[in-house]
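Reading through the structure tokens given below for one structure.
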Amino acid sequence: MPVEGARLVARKPSERRLAPAIEDKNIMAHIPDGVLSNPVLLAGTVVSVAGVAFGLRGLDPVRIPKVAVLSAVLFVASLVHFPAGLSSVHLLLNGLAGIVLGWAVFPAMLVALLLQAVLFGFGGLVVLGVNTMDMAVPALLAGGLFRLLWRDGCSQGRAAVLGAVAGGGAVLATAVMVALVLALSGREFETAARLVVVTHLPVMVVEAAFTAAAVSLLARVKPELLARQP
């Protein structure tokens with residue numbers, strides 16, 4: 001997220017940190033550099049490094065094409081933005097990715113967000129760890145919940161319900177995590193934090209419906225994709 005330094009010279013420290021968030025309307029899951037506090041950045045980086053390491057350790061070479069495809073899907077989905085008041089929203093699809101990839105969702109998400117930051121300026125490099133954490137942790141939890149309740153031979157209706165819960169729940173959890181890291185970085189971000197959660201309630205509904213349909217289809221034509229992933 002490029003920020004015009006000349007416009008920030010005369011601002012107070014809190015205003016300088018708030019400016020990138022205001023000027024970057026796509027703050028959801030793409031928090032720009034220069035916004036978050038150092039402890040939050042460090043914590044996000046540690047969590048993401050650990051998640052990527054664990055995901056790569058359990059990644060079988062046979063699954064690499066599947067991870068690459070889902071990473072590309074995540075990359076493209078986040079490029080389509082819809083206006084939502086002063087901000088904008090986009091599809092996340094991290095619930096579906098968590099169901100299909102398991103721990104491999106961490107490296108898949110990292111690659112997608114890195115390319116978006118480098119190629120289009122969405123988010124930033126310093127904040128990449130936090131953005132990855134905000135997307136991948138809810139994805140992993142959603143996938144874990146799905147596999148906990150999923151059984152081979154489940155009906156398509158049950159698969160759709162579980163998919164809806166995972167898809168919608170992952171979006172809500174991501175919005176809450178983004179709001180939390182903003183709030184922990186300063187009181188000046190409390191309004192933005194609330195805005196993130198409110199504006200993504202419609203996205204939660206859309207993704208719940210989309211993930212329900214996708215999981216129902218997978219349960220019918222390729223149920224092995226829904227099996228437990230390492």
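Numbering starts fresh at 1 for the residues of each chain in the structure tokens, the chains themselves are lettered A, B, ... in the order given, and ligands are numbered from 1 as they appear.
The set of residues in segment 68-100 of chain A assigned to helix (DSSP H, G or I) by DSSP, using only backbone atoms of this structure, is Ala68, Val69, Leu70, Ser71, Ala72, Val73, Leu74, Phe75, Val76, Ala77, Asn94, Gly95, Leu96, Ala97, Gly98, Ile99 and Val100 of chain A.
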Based on the selection just made, write N, CA and C atoms of those residues as a tab-separated table (two decimals), in the first residue's frame.
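Saved as selection-v9.tsv:
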chain	number	residue	atom	x	y	z
A	68	ALA	N	-1.42	-25.60	-5.03
A	68	ALA	CA	-1.18	-24.51	-5.98
A	68	ALA	C	-2.49	-23.99	-6.57
A	69	VAL	N	-3.39	-24.90	-6.90
A	69	VAL	CA	-4.68	-24.49	-7.47
A	69	VAL	C	-5.48	-23.67	-6.46
A	70	LEU	N	-5.54	-24.14	-5.21
A	70	LEU	CA	-6.29	-23.39	-4.19
A	70	LEU	C	-5.64	-22.05	-3.90
A	71	SER	N	-4.31	-22.00	-3.94
A	71	SER	CA	-3.63	-20.73	-3.73
A	71	SER	C	-3.99	-19.74	-4.84
A	72	ALA	N	-4.07	-20.23	-6.08
A	72	ALA	CA	-4.46	-19.38	-7.20
A	72	ALA	C	-5.90	-18.90	-7.04
A	73	VAL	N	-6.78	-19.78	-6.58
A	73	VAL	CA	-8.17	-19.41	-6.36
A	73	VAL	C	-8.27	-18.31	-5.30
A	74	LEU	N	-7.51	-18.46	-4.21
A	74	LEU	CA	-7.51	-17.45	-3.15
A	74	LEU	C	-6.98	-16.12	-3.68
A	75	PHE	N	-5.96	-16.19	-4.51
A	75	PHE	CA	-5.37	-14.99	-5.10
A	75	PHE	C	-6.39	-14.24	-5.94
A	76	VAL	N	-7.10	-14.95	-6.81
A	76	VAL	CA	-8.06	-14.32	-7.71
A	76	VAL	C	-9.28	-13.82	-6.95
A	77	ALA	N	-9.77	-14.61	-5.99
A	77	ALA	CA	-10.98	-14.22	-5.26
A	77	ALA	C	-10.78	-12.90	-4.52
A	94	ASN	N	-11.56	-18.78	2.48
A	94	ASN	CA	-10.62	-19.50	3.35
A	94	ASN	C	-11.26	-20.68	4.05
A	95	GLY	N	-12.58	-20.65	4.23
A	95	GLY	CA	-13.24	-21.81	4.82
A	95	GLY	C	-13.12	-23.03	3.92
A	96	LEU	N	-13.39	-22.85	2.63
A	96	LEU	CA	-13.26	-23.94	1.67
A	96	LEU	C	-11.82	-24.41	1.58
A	97	ALA	N	-10.87	-23.45	1.59
A	97	ALA	CA	-9.46	-23.82	1.51
A	97	ALA	C	-9.04	-24.63	2.74
A	98	GLY	N	-9.54	-24.26	3.90
A	98	GLY	CA	-9.20	-24.99	5.11
A	98	GLY	C	-9.74	-26.41	5.09
A	99	ILE	N	-10.93	-26.59	4.53
A	99	ILE	CA	-11.52	-27.93	4.43
A	99	ILE	C	-10.68	-28.82	3.53
A	100	VAL	N	-10.27	-28.29	2.39
A	100	VAL	CA	-9.57	-29.09	1.38
A	100	VAL	C	-8.09	-29.27	1.70
Can you tell me, as a PDB file with C-alpha atoms, in the first residue's frame, what residues are no more than 7 Å from Leu36 of chain A when counting only C-alpha atoms, ignoring any on the same chain fewer than 5 positions away?
ATOM      1  CA  LEU A  41       3.489  -7.724  13.920  1.00  0.00           C
ATOM      2  CA  LEU A 182      -6.322  -3.357  14.844  1.00  0.00           C
ATOM      3  CA  SER A 185      -2.500  -1.644  17.902  1.00  0.00           C
TER       4      SER A 185
END
*10 Å contact set for Leu149 of chain A, only C-alpha atoms, chain neighbours under 5 positions out, as a PyMOL selection string*: chain A and resi 144+154+158-159+162
Selection above as a file: C-alpha atoms, as a JSON list (two decimals), in the first residue's frame:
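As written to disk, out-v1.json reads:
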[["chain", "number", "residue", "atom", "x", "y", "z"],
["A", 144, "GLY", "CA", -10.91, -28.90, 11.63],
["A", 154, "CYS", "CA", -22.66, -38.41, 4.76],
["A", 158, "ARG", "CA", -25.32, -32.72, 5.79],
["A", 159, "ALA", "CA", -22.26, -31.85, 3.73],
["A", 162, "LEU", "CA", -21.26, -28.34, 7.45]]
*Would you list the contacts of Val178 of chain A as a VMD selection string, taking every protein, DNA or RNA residue within 9 Å and counting only C-alpha atoms, but skipping same-chain residues closer than 3 positions in sequence?*
chain A and resid 27 to 29 31 130 to 131 134 to 135 173 to 175 181 to 183 193 196 to 197
*Which one of A:Val105, A:Ala43, A:Val35, A:Ala227 sits closest to Arg147 of chain A if you count only C-alpha atoms?*
A:Ala227
*Residues of segment 48-186 of chain A in strand (DSSP E) according to DSSP, as a list in words?*
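Residues meeting the strand (DSSP E) criterion: His81, Phe82, Pro83, Ala84, Ser87, Ser88, Val89 and His90 of chain A.
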For the residues in the current selection, export N, CA, C and O atoms as an mmCIF file, in the first residue's frame.
data_model
loop_
_atom_site.group_PDB
_atom_site.id
_atom_site.type_symbol
_atom_site.label_atom_id
_atom_site.label_comp_id
_atom_site.auth_asym_id
_atom_site.auth_seq_id
_atom_site.Cartn_x
_atom_site.Cartn_y
_atom_site.Cartn_z
ATOM 1 N N HIS A 81 -13.284 -6.808 -5.642
ATOM 2 C CA HIS A 81 -13.740 -6.024 -4.506
ATOM 3 C C HIS A 81 -15.143 -5.470 -4.737
ATOM 4 O O HIS A 81 -15.508 -5.136 -5.865
ATOM 5 N N PHE A 82 -15.880 -5.365 -3.643
ATOM 6 C CA PHE A 82 -17.220 -4.793 -3.668
ATOM 7 C C PHE A 82 -17.273 -3.655 -2.652
ATOM 8 O O PHE A 82 -16.816 -3.820 -1.517
ATOM 9 N N PRO A 83 -17.802 -2.487 -3.026
ATOM 10 C CA PRO A 83 -17.851 -1.359 -2.086
ATOM 11 C C PRO A 83 -18.764 -1.667 -0.906
ATOM 12 O O PRO A 83 -19.819 -2.291 -1.056
ATOM 13 N N ALA A 84 -18.333 -1.215 0.263
ATOM 14 C CA ALA A 84 -19.130 -1.392 1.480
ATOM 15 C C ALA A 84 -18.914 -0.173 2.364
ATOM 16 O O ALA A 84 -18.051 -0.160 3.236
ATOM 17 N N SER A 87 -15.341 1.420 3.191
ATOM 18 C CA SER A 87 -14.355 0.379 2.934
ATOM 19 C C SER A 87 -14.782 -0.428 1.714
ATOM 20 O O SER A 87 -15.658 -0.008 0.948
ATOM 21 N N SER A 88 -14.148 -1.569 1.502
ATOM 22 C CA SER A 88 -14.558 -2.484 0.453
ATOM 23 C C SER A 88 -14.357 -3.902 0.959
ATOM 24 O O SER A 88 -13.563 -4.140 1.876
ATOM 25 N N VAL A 89 -15.073 -4.830 0.381
ATOM 26 C CA VAL A 89 -14.995 -6.228 0.808
ATOM 27 C C VAL A 89 -14.705 -7.111 -0.394
ATOM 28 O O VAL A 89 -14.855 -6.693 -1.538
ATOM 29 N N HIS A 90 -14.283 -8.319 -0.112
ATOM 30 C CA HIS A 90 -14.033 -9.276 -1.177
ATOM 31 C C HIS A 90 -14.231 -10.685 -0.636
ATOM 32 O O HIS A 90 -14.222 -10.904 0.580
#
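When only C-alpha atoms are used to measure the gap to Met204 of chain A, the shortest distance among A:Gly186, A:Leu218, A:Met177, A:Val171 belongs to A:Val171.
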_Contact residues around Ala213 of chain A with only C-alpha atoms at 12 Å, ignoring same-chain residues under 2 positions, as a PyMOL selection string_ = chain A and resi 96+156-165+167+206-211+215-220
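The gap separating atom CA of Val40 of chain A from atom CA of Gly121 of chain A is 21.0 Å, in Å to one decimal.
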_Coordinates-based distance that separates atom CA of Val47 of chain A from atom CA of Ala139 of chain A (Å, one decimal)_ =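 Distance between the two atoms: 13.9 Å.
Ranking A:Val205, A:Leu119, A:Ala142, A:Leu128 by their shortest atom-to-atom distance to Gly34 of chain A, with only C-alpha atoms included, puts A:Leu128 first.
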_Residue neighbourhood Arg57 of chain A, 10 Å, only C-alpha atoms, exclusion window fewer than 4 positions, as a VMD selection string_ = chain A and resid 51 to 53 103 to 104 230
*Work out how far apart atom CA of Leu92 of chain A and atom CA of Ser37 of chain A are and give it in Å to one decimal.*
24.5 Å
_Counting only C-alpha atoms, which residue out of A:Glu188, A:Val67, A:Gly143, A:Pro32 sits closest to Gln116 of chain A?_
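Comparing A:Glu188, A:Val67, A:Gly143, A:Pro32 against Gln116 of chain A, the winner is A:Pro32.
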